[in-house]
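Novice: The structure under discussion is supplied below as structure tokens; questions concerning it will follow.
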Amino acid sequence: MAISSNSLKSGRDYPGNWTQFLQWFPDDNACLQFLEHLRWPSGFVCPRCLKLSKPYHLTRGRMMCPICRYQGTVTAGTLFEKSRTPLTNWFAAAWYITNEKHGVSALGLQRLLGLGSYQTAWTMLHRYRRAMVNPSRGKLSGFVEVDETYVGGSDKAKTRAPCAQSKKSIVAIAVEIKKPKGFGRIRLKRIEAATQVQLHSFIQETIEPGSVVQTDGSSAYHRIHELGYERNKLVQLGSKEPAHETLVGVHRVASLLKRWILGTHQGSVGHEHLDSYLDEYAFRFNRRASNSRGLLFYRLLEQAVVTPPVSYENIKKR
């Protein structure tokens with residue numbers, strides 16, 4: 001269970017700046033100790049017998065349960081498992097990712113850390129993106145705008161379902177609207193087509209029943225009241241108000257998303273990996289008001305120790 005942000009303190013639970021970061025994590029052993037605390041904040045729990053105990057610390061970072069004699073490592077089953085990259089580099093990458101407001105590219109990470117290959121930096125970033133989604137995160141609620149946008153490619157035609165040759169991807173967007181003004185959290189998801197089935201599924205996955213869902217006049221959003229939502233329909237055709245003024249939240253997020261992909265990643269986001277980039281953008285947007293970059297670093301590593309590993313080959317297959 002995640003520790004409340006209110007009980008965490010900069011300089012005590014996580015480094016508050018780069019100088020403290022270097023002092024806290026001078027070597028891999030210091031990184032292992034930090035990960036051990038994140039993984040078992042209430043004490044070591046053996047993965048085999050599930051008993052709480054004080055483990056024996058062996059060589060090469062191994063730990064042994066004093067009850068069942070099981071041997072394992074802190075990184076086993078985590079995002080860091082079977083990685084040849086030193087943990088000091090993994091931690092530096094996490095700090096860099098969370099401290100760069102607009103994100104980082106694999107090439108920039110490779111140069112910063114002096115990594116031997118672009119592939120290593122690319123894999124590290126994609127592994128961290130997998131940790132940016134908390135499976136237990138709450139759904140959006142209250143007043144929520146929903147719409148779709150098109151990302152990538154240079155096709156001029158805008159249809160509800162791009163043709164097979166199109167390089168565009170359709171992204172569903174949900175944005176909490178705060179009163180009297182401002183945006184709350186967002187959710188993003190790549191969908192194959194802007195159909196009723198896929199958009200209804202997106203709404204159910206991301207929005208609490210009972211919320212007011214504001215959409216355009218598309219028939220794809222018909223019958224969402226049957227799912228437990230109140231629909232506020234804005235018909236754009238013939239309206240004197242432009243779409244970006246009536247659905248201001250989703251259009252603002254869509255614009256910022258495209259600018260981020262173009263600026264940080266030079267637009268080179270493949271269709272098969274778009275979901276990972278959407279997860280990263282949502283992670284950044286939802287934490288845009290955070291005054292503590294160190295806390296974001298802590299939260300990312302906290303998720304990393306409960307995120308299963310994935311190989312470069314499996315990432316490429318997505």
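Naming scheme: A, B, ... for chains in displayed order of the structure tokens; residues 1 onward per chain; ligands 1 onward as shown.
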Find the residues around stretch 8-21 of chain A up to 10 Å (only C-alpha atoms counted), leave out those fewer than 5 positions away in its own chain, and share them as a PyMOL selection string.

Specialist: chain A and resi 3+26+34+91-92+95-96+99+292-299

Novice: Would you output that residue set with N, CA, C and O atoms, as a tab-separated table (two decimals), in the first residue's frame?

Specialist:
chain	number	residue	atom	x	y	z
A	3	ILE	N	2.30	4.85	0.69
A	3	ILE	CA	2.31	5.73	1.85
A	3	ILE	C	1.75	7.09	1.44
A	3	ILE	O	2.06	7.61	0.36
A	26	PRO	N	25.24	6.64	-3.76
A	26	PRO	CA	26.60	6.63	-4.32
A	26	PRO	C	26.95	5.32	-5.03
A	26	PRO	O	27.87	5.29	-5.84
A	34	PHE	N	17.38	1.12	-0.60
A	34	PHE	CA	16.21	1.97	-0.82
A	34	PHE	C	15.07	1.16	-1.42
A	34	PHE	O	13.91	1.30	-1.01
A	91	PHE	N	18.46	4.63	-11.21
A	91	PHE	CA	17.99	5.69	-10.32
A	91	PHE	C	18.20	7.07	-10.93
A	91	PHE	O	17.34	7.95	-10.83
A	92	ALA	N	19.35	7.26	-11.57
A	92	ALA	CA	19.62	8.55	-12.22
A	92	ALA	C	18.61	8.80	-13.33
A	92	ALA	O	18.14	9.93	-13.52
A	95	TRP	N	15.35	9.88	-11.79
A	95	TRP	CA	15.45	11.28	-11.35
A	95	TRP	C	15.33	12.23	-12.52
A	95	TRP	O	14.62	13.24	-12.47
A	96	TYR	N	16.01	11.89	-13.61
A	96	TYR	CA	15.99	12.72	-14.82
A	96	TYR	C	14.59	12.78	-15.41
A	96	TYR	O	14.07	13.84	-15.77
A	99	ASN	N	12.24	14.87	-13.19
A	99	ASN	CA	12.65	16.26	-13.00
A	99	ASN	C	12.60	17.08	-14.27
A	99	ASN	O	12.70	18.31	-14.21
A	292	SER	N	7.18	19.09	-5.61
A	292	SER	CA	8.32	18.27	-5.21
A	292	SER	C	8.65	17.24	-6.28
A	292	SER	O	7.94	16.25	-6.46
A	293	ARG	N	9.73	17.51	-7.01
A	293	ARG	CA	10.18	16.54	-8.00
A	293	ARG	C	10.71	15.28	-7.31
A	293	ARG	O	10.62	14.18	-7.85
A	294	GLY	N	11.25	15.45	-6.12
A	294	GLY	CA	11.75	14.30	-5.37
A	294	GLY	C	10.65	13.33	-5.02
A	294	GLY	O	10.84	12.11	-5.04
A	295	LEU	N	9.45	13.86	-4.72
A	295	LEU	CA	8.31	13.00	-4.41
A	295	LEU	C	7.88	12.21	-5.65
A	295	LEU	O	7.50	11.04	-5.54
A	296	LEU	N	7.94	12.83	-6.82
A	296	LEU	CA	7.61	12.12	-8.05
A	296	LEU	C	8.61	11.00	-8.30
A	296	LEU	O	8.24	9.90	-8.75
A	297	PHE	N	9.88	11.26	-8.02
A	297	PHE	CA	10.92	10.24	-8.12
A	297	PHE	C	10.58	9.06	-7.20
A	297	PHE	O	10.65	7.90	-7.60
A	298	TYR	N	10.19	9.37	-5.98
A	298	TYR	CA	9.81	8.35	-5.00
A	298	TYR	C	8.64	7.52	-5.51
A	298	TYR	O	8.65	6.29	-5.45
A	299	ARG	N	7.61	8.19	-6.02
A	299	ARG	CA	6.42	7.49	-6.50
A	299	ARG	C	6.71	6.60	-7.70
A	299	ARG	O	6.16	5.51	-7.83

Novice: What are the nearest atom pairs, with distances in Å to one decimal, for all residues of stretch 89-116 of chain A that come at most 12 Å from stretch 131-136 of chain A, using only C-alpha atoms, set out by chain and rising residue number as JSON lines?

Specialist:
{"residue": "A:Ala94", "atom": "CA", "partner": "A:Ala131", "partner_atom": "CA", "distance": 10.8}
{"residue": "A:Ile97", "atom": "CA", "partner": "A:Met132", "partner_atom": "CA", "distance": 11.1}
{"residue": "A:Thr98", "atom": "CA", "partner": "A:Met132", "partner_atom": "CA", "distance": 10.6}

Novice: Restricted to C-alpha atoms, what would the selected residues look like written as an mmCIF file, in the first residue's frame?

Specialist:
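Output below, filename selection.cif:
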data_model
loop_
_atom_site.group_PDB
_atom_site.id
_atom_site.type_symbol
_atom_site.label_atom_id
_atom_site.label_comp_id
_atom_site.auth_asym_id
_atom_site.auth_seq_id
_atom_site.Cartn_x
_atom_site.Cartn_y
_atom_site.Cartn_z
ATOM 1 C CA ALA A 94 14.238 7.968 -12.783
ATOM 2 C CA ILE A 97 12.586 11.530 -16.063
ATOM 3 C CA THR A 98 10.669 13.022 -13.135
#

Novice: Let's see if you can do this: from backbone DSSP, list all alpha helix (DSSP H) residues in stretch 88-184 of chain A, as a PyMOL selection string.

Specialist: chain A and resi 88-99+106-113+118-130

Novice: List as a list in words the protein and nucleic acid residues near stretch 44-55 of chain A, meaning an atom at most 8 Å away when only C-alpha atoms are counted, but skip any in the same chain fewer than 2 places from it.

Specialist: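 The neighbour list is Glu36, Trp40, Pro41, Ser42, His57, Met63, Met64, Cys65, Pro66, Ile67, Cys68 and Tyr70 of chain A.
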
Novice: Nearest to A:Leu58: which of A:Ser219, A:Gln196, A:Thr73, A:Ser105 is it, counting only C-alpha atoms?

Specialist: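 That would be A:Thr73, the residue with the smallest distance to A:Leu58.
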
Novice: From the list A:Ile170, A:Arg185, A:Arg190, A:Asn89, which residue is nearest A:Leu22 when using only C-alpha atoms?

Specialist: A:Asn89

Novice: Got a sec to tell me which of stretch 202-253 of chain A DSSP assigns to strand (DSSP E or B), as a ChimeraX atom specification?

Specialist: /A:207,212-216,230-234

Novice: Would you save the residues from that selection as a short mmCIF file (atom, residue, chain, number, x, y, z; two decimals), in the first residue's frame, using N, CA, C and O atoms?

Specialist:
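Dumped everything to result_21.cif:
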data_model
loop_
_atom_site.label_atom_id
_atom_site.label_comp_id
_atom_site.auth_asym_id
_atom_site.auth_seq_id
_atom_site.Cartn_x
_atom_site.Cartn_y
_atom_site.Cartn_z
N ILE A 207 -14.19 6.43 -15.96
CA ILE A 207 -15.07 7.41 -15.30
C ILE A 207 -16.03 6.70 -14.34
O ILE A 207 -16.62 5.68 -14.67
N VAL A 212 -21.21 13.30 -14.74
CA VAL A 212 -21.76 13.96 -15.92
C VAL A 212 -20.70 13.90 -17.02
O VAL A 212 -19.58 14.38 -16.82
N VAL A 213 -21.05 13.31 -18.15
CA VAL A 213 -20.10 13.16 -19.25
C VAL A 213 -20.52 14.11 -20.38
O VAL A 213 -21.60 13.96 -20.96
N GLN A 214 -19.67 15.07 -20.67
CA GLN A 214 -19.96 16.03 -21.73
C GLN A 214 -19.27 15.60 -23.01
O GLN A 214 -18.05 15.38 -23.03
N THR A 215 -20.04 15.49 -24.11
CA THR A 215 -19.51 15.02 -25.38
C THR A 215 -20.02 15.92 -26.51
O THR A 215 -20.86 16.79 -26.30
N ASP A 216 -19.53 15.65 -27.72
CA ASP A 216 -20.11 16.30 -28.89
C ASP A 216 -21.38 15.54 -29.27
O ASP A 216 -21.84 14.67 -28.52
N GLU A 230 -24.74 10.53 -16.77
CA GLU A 230 -25.59 11.59 -17.30
C GLU A 230 -24.84 12.25 -18.45
O GLU A 230 -23.70 12.67 -18.29
N ARG A 231 -25.46 12.30 -19.60
CA ARG A 231 -24.78 12.89 -20.76
C ARG A 231 -25.19 14.33 -20.98
O ARG A 231 -26.37 14.67 -20.97
N ASN A 232 -24.20 15.18 -21.20
CA ASN A 232 -24.44 16.57 -21.59
C ASN A 232 -23.94 16.70 -23.03
O ASN A 232 -22.73 16.76 -23.28
N LYS A 233 -24.86 16.69 -23.97
CA LYS A 233 -24.50 16.65 -25.39
C LYS A 233 -24.39 18.06 -25.97
O LYS A 233 -25.30 18.88 -25.83
N LEU A 234 -23.27 18.33 -26.64
CA LEU A 234 -23.06 19.61 -27.31
C LEU A 234 -23.00 19.36 -28.81
O LEU A 234 -22.04 18.75 -29.31
#

Novice: Between A:Ser311, A:Ser276, A:Thr195, A:Thr206, which has the minimum distance to A:His222 (counting only C-alpha atoms)?

Specialist: A:Thr195

Novice: Leaving out stretch 247-260 of chain A and any residue of its chain fewer than 4 positions from it, which residues lie within 8 Å of it when counting only C-alpha atoms, given as number ranges by chain?

Specialist: A: 102, 145-147, 149, 151, 173-177, 183, 214-216, 243, 264-265, 281

Novice: Could you turn the residues from that selection into a file that holds N, CA and C atoms, as a PDB file, in the first residue's frame?

Specialist:
ATOM      1  N   HIS A 102       9.018  18.426 -19.300  1.00  0.00           N
ATOM      2  CA  HIS A 102       8.436  18.078 -20.597  1.00  0.00           C
ATOM      3  C   HIS A 102       8.866  16.707 -21.098  1.00  0.00           C
ATOM      4  N   GLU A 145     -15.269  15.798 -19.537  1.00  0.00           N
ATOM      5  CA  GLU A 145     -15.376  15.905 -20.994  1.00  0.00           C
ATOM      6  C   GLU A 145     -14.738  14.688 -21.645  1.00  0.00           C
ATOM      7  N   VAL A 146     -15.352  14.215 -22.732  1.00  0.00           N
ATOM      8  CA  VAL A 146     -14.817  13.071 -23.479  1.00  0.00           C
ATOM      9  C   VAL A 146     -14.876  13.379 -24.970  1.00  0.00           C
ATOM     10  N   ASP A 147     -13.791  13.067 -25.654  1.00  0.00           N
ATOM     11  CA  ASP A 147     -13.745  13.259 -27.106  1.00  0.00           C
ATOM     12  C   ASP A 147     -12.604  12.417 -27.651  1.00  0.00           C
ATOM     13  N   THR A 149      -9.196  12.347 -30.565  1.00  0.00           N
ATOM     14  CA  THR A 149      -8.302  13.136 -31.398  1.00  0.00           C
ATOM     15  C   THR A 149      -7.470  12.185 -32.237  1.00  0.00           C
ATOM     16  N   VAL A 151      -3.665  11.305 -33.732  1.00  0.00           N
ATOM     17  CA  VAL A 151      -2.251  11.521 -33.439  1.00  0.00           C
ATOM     18  C   VAL A 151      -1.392  10.828 -34.488  1.00  0.00           C
ATOM     19  N   ILE A 173      -9.912  10.700 -25.167  1.00  0.00           N
ATOM     20  CA  ILE A 173      -9.462  11.590 -24.093  1.00  0.00           C
ATOM     21  C   ILE A 173     -10.608  11.860 -23.129  1.00  0.00           C
ATOM     22  N   ALA A 174     -10.319  11.768 -21.842  1.00  0.00           N
ATOM     23  CA  ALA A 174     -11.284  12.150 -20.808  1.00  0.00           C
ATOM     24  C   ALA A 174     -10.601  13.139 -19.878  1.00  0.00           C
ATOM     25  N   VAL A 175     -11.279  14.252 -19.575  1.00  0.00           N
ATOM     26  CA  VAL A 175     -10.703  15.321 -18.760  1.00  0.00           C
ATOM     27  C   VAL A 175     -11.706  15.760 -17.698  1.00  0.00           C
ATOM     28  N   GLU A 176     -11.280  15.760 -16.442  1.00  0.00           N
ATOM     29  CA  GLU A 176     -12.109  16.304 -15.379  1.00  0.00           C
ATOM     30  C   GLU A 176     -12.132  17.830 -15.498  1.00  0.00           C
ATOM     31  N   ILE A 177     -13.315  18.406 -15.433  1.00  0.00           N
ATOM     32  CA  ILE A 177     -13.462  19.860 -15.506  1.00  0.00           C
ATOM     33  C   ILE A 177     -13.804  20.387 -14.119  1.00  0.00           C
ATOM     34  N   PHE A 183      -8.638  22.357 -14.900  1.00  0.00           N
ATOM     35  CA  PHE A 183      -8.734  20.943 -15.231  1.00  0.00           C
ATOM     36  C   PHE A 183      -8.220  20.097 -14.076  1.00  0.00           C
ATOM     37  N   GLN A 214     -19.670  15.070 -20.670  1.00  0.00           N
ATOM     38  CA  GLN A 214     -19.958  16.031 -21.729  1.00  0.00           C
ATOM     39  C   GLN A 214     -19.267  15.605 -23.012  1.00  0.00           C
ATOM     40  N   THR A 215     -20.037  15.489 -24.105  1.00  0.00           N
ATOM     41  CA  THR A 215     -19.511  15.025 -25.382  1.00  0.00           C
ATOM     42  C   THR A 215     -20.024  15.919 -26.509  1.00  0.00           C
ATOM     43  N   ASP A 216     -19.528  15.652 -27.716  1.00  0.00           N
ATOM     44  CA  ASP A 216     -20.107  16.301 -28.885  1.00  0.00           C
ATOM     45  C   ASP A 216     -21.380  15.539 -29.267  1.00  0.00           C
ATOM     46  N   ALA A 243     -15.494  24.354 -31.566  1.00  0.00           N
ATOM     47  CA  ALA A 243     -15.357  23.173 -30.709  1.00  0.00           C
ATOM     48  C   ALA A 243     -14.383  23.405 -29.564  1.00  0.00           C
ATOM     49  N   THR A 264       9.249  16.803 -27.791  1.00  0.00           N
ATOM     50  CA  THR A 264      10.148  15.933 -27.030  1.00  0.00           C
ATOM     51  C   THR A 264      10.619  14.737 -27.835  1.00  0.00           C
ATOM     52  N   HIS A 265       9.726  14.189 -28.654  1.00  0.00           N
ATOM     53  CA  HIS A 265      10.044  12.954 -29.375  1.00  0.00           C
ATOM     54  C   HIS A 265      10.113  13.149 -30.883  1.00  0.00           C
ATOM     55  N   TYR A 281       2.447  10.724 -20.709  1.00  0.00           N
ATOM     56  CA  TYR A 281       1.890  12.074 -20.755  1.00  0.00           C
ATOM     57  C   TYR A 281       0.845  12.272 -19.655  1.00  0.00           C
TER      58      TYR A 281
END

Novice: Within 10 Å of A:Ile191, counting only C-alpha atoms, which residues show up once you throw out same-chain ones fewer than 5 positions away? Write them as a short mmCIF file (atom, residue, chain, number, x, y, z; two decimals) with N, CA and C atoms, in the first residue's frame, please.

Specialist:
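Below is the file that was written, around_11.cif:
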data_model
loop_
_atom_site.label_atom_id
_atom_site.label_comp_id
_atom_site.auth_asym_id
_atom_site.auth_seq_id
_atom_site.Cartn_x
_atom_site.Cartn_y
_atom_site.Cartn_z
N GLU A 148 -12.44 12.45 -28.97
CA GLU A 148 -11.32 11.74 -29.58
C GLU A 148 -10.46 12.72 -30.36
N ALA A 161 -12.95 6.41 -38.53
CA ALA A 161 -12.07 5.23 -38.52
C ALA A 161 -11.09 5.34 -39.68
N SER A 169 -3.41 7.53 -35.53
CA SER A 169 -3.98 6.73 -34.45
C SER A 169 -5.08 7.55 -33.80
N ILE A 170 -6.14 6.88 -33.37
CA ILE A 170 -7.22 7.56 -32.68
C ILE A 170 -6.99 7.44 -31.19
N VAL A 171 -7.05 8.54 -30.48
CA VAL A 171 -6.85 8.56 -29.03
C VAL A 171 -8.09 9.11 -28.36
N ALA A 172 -8.67 8.33 -27.46
CA ALA A 172 -9.80 8.79 -26.66
C ALA A 172 -9.27 9.58 -25.47
N GLN A 198 -16.23 0.84 -28.47
CA GLN A 198 -14.93 1.20 -27.92
C GLN A 198 -15.00 2.44 -27.02
N LEU A 199 -15.81 3.41 -27.38
CA LEU A 199 -15.92 4.61 -26.55
C LEU A 199 -16.68 4.34 -25.26
N PHE A 202 -14.20 2.67 -23.02
CA PHE A 202 -13.27 3.67 -22.48
C PHE A 202 -13.90 4.44 -21.33
N ASP A 275 0.57 3.70 -26.73
CA ASP A 275 -0.03 3.57 -25.40
C ASP A 275 0.96 3.94 -24.30
#
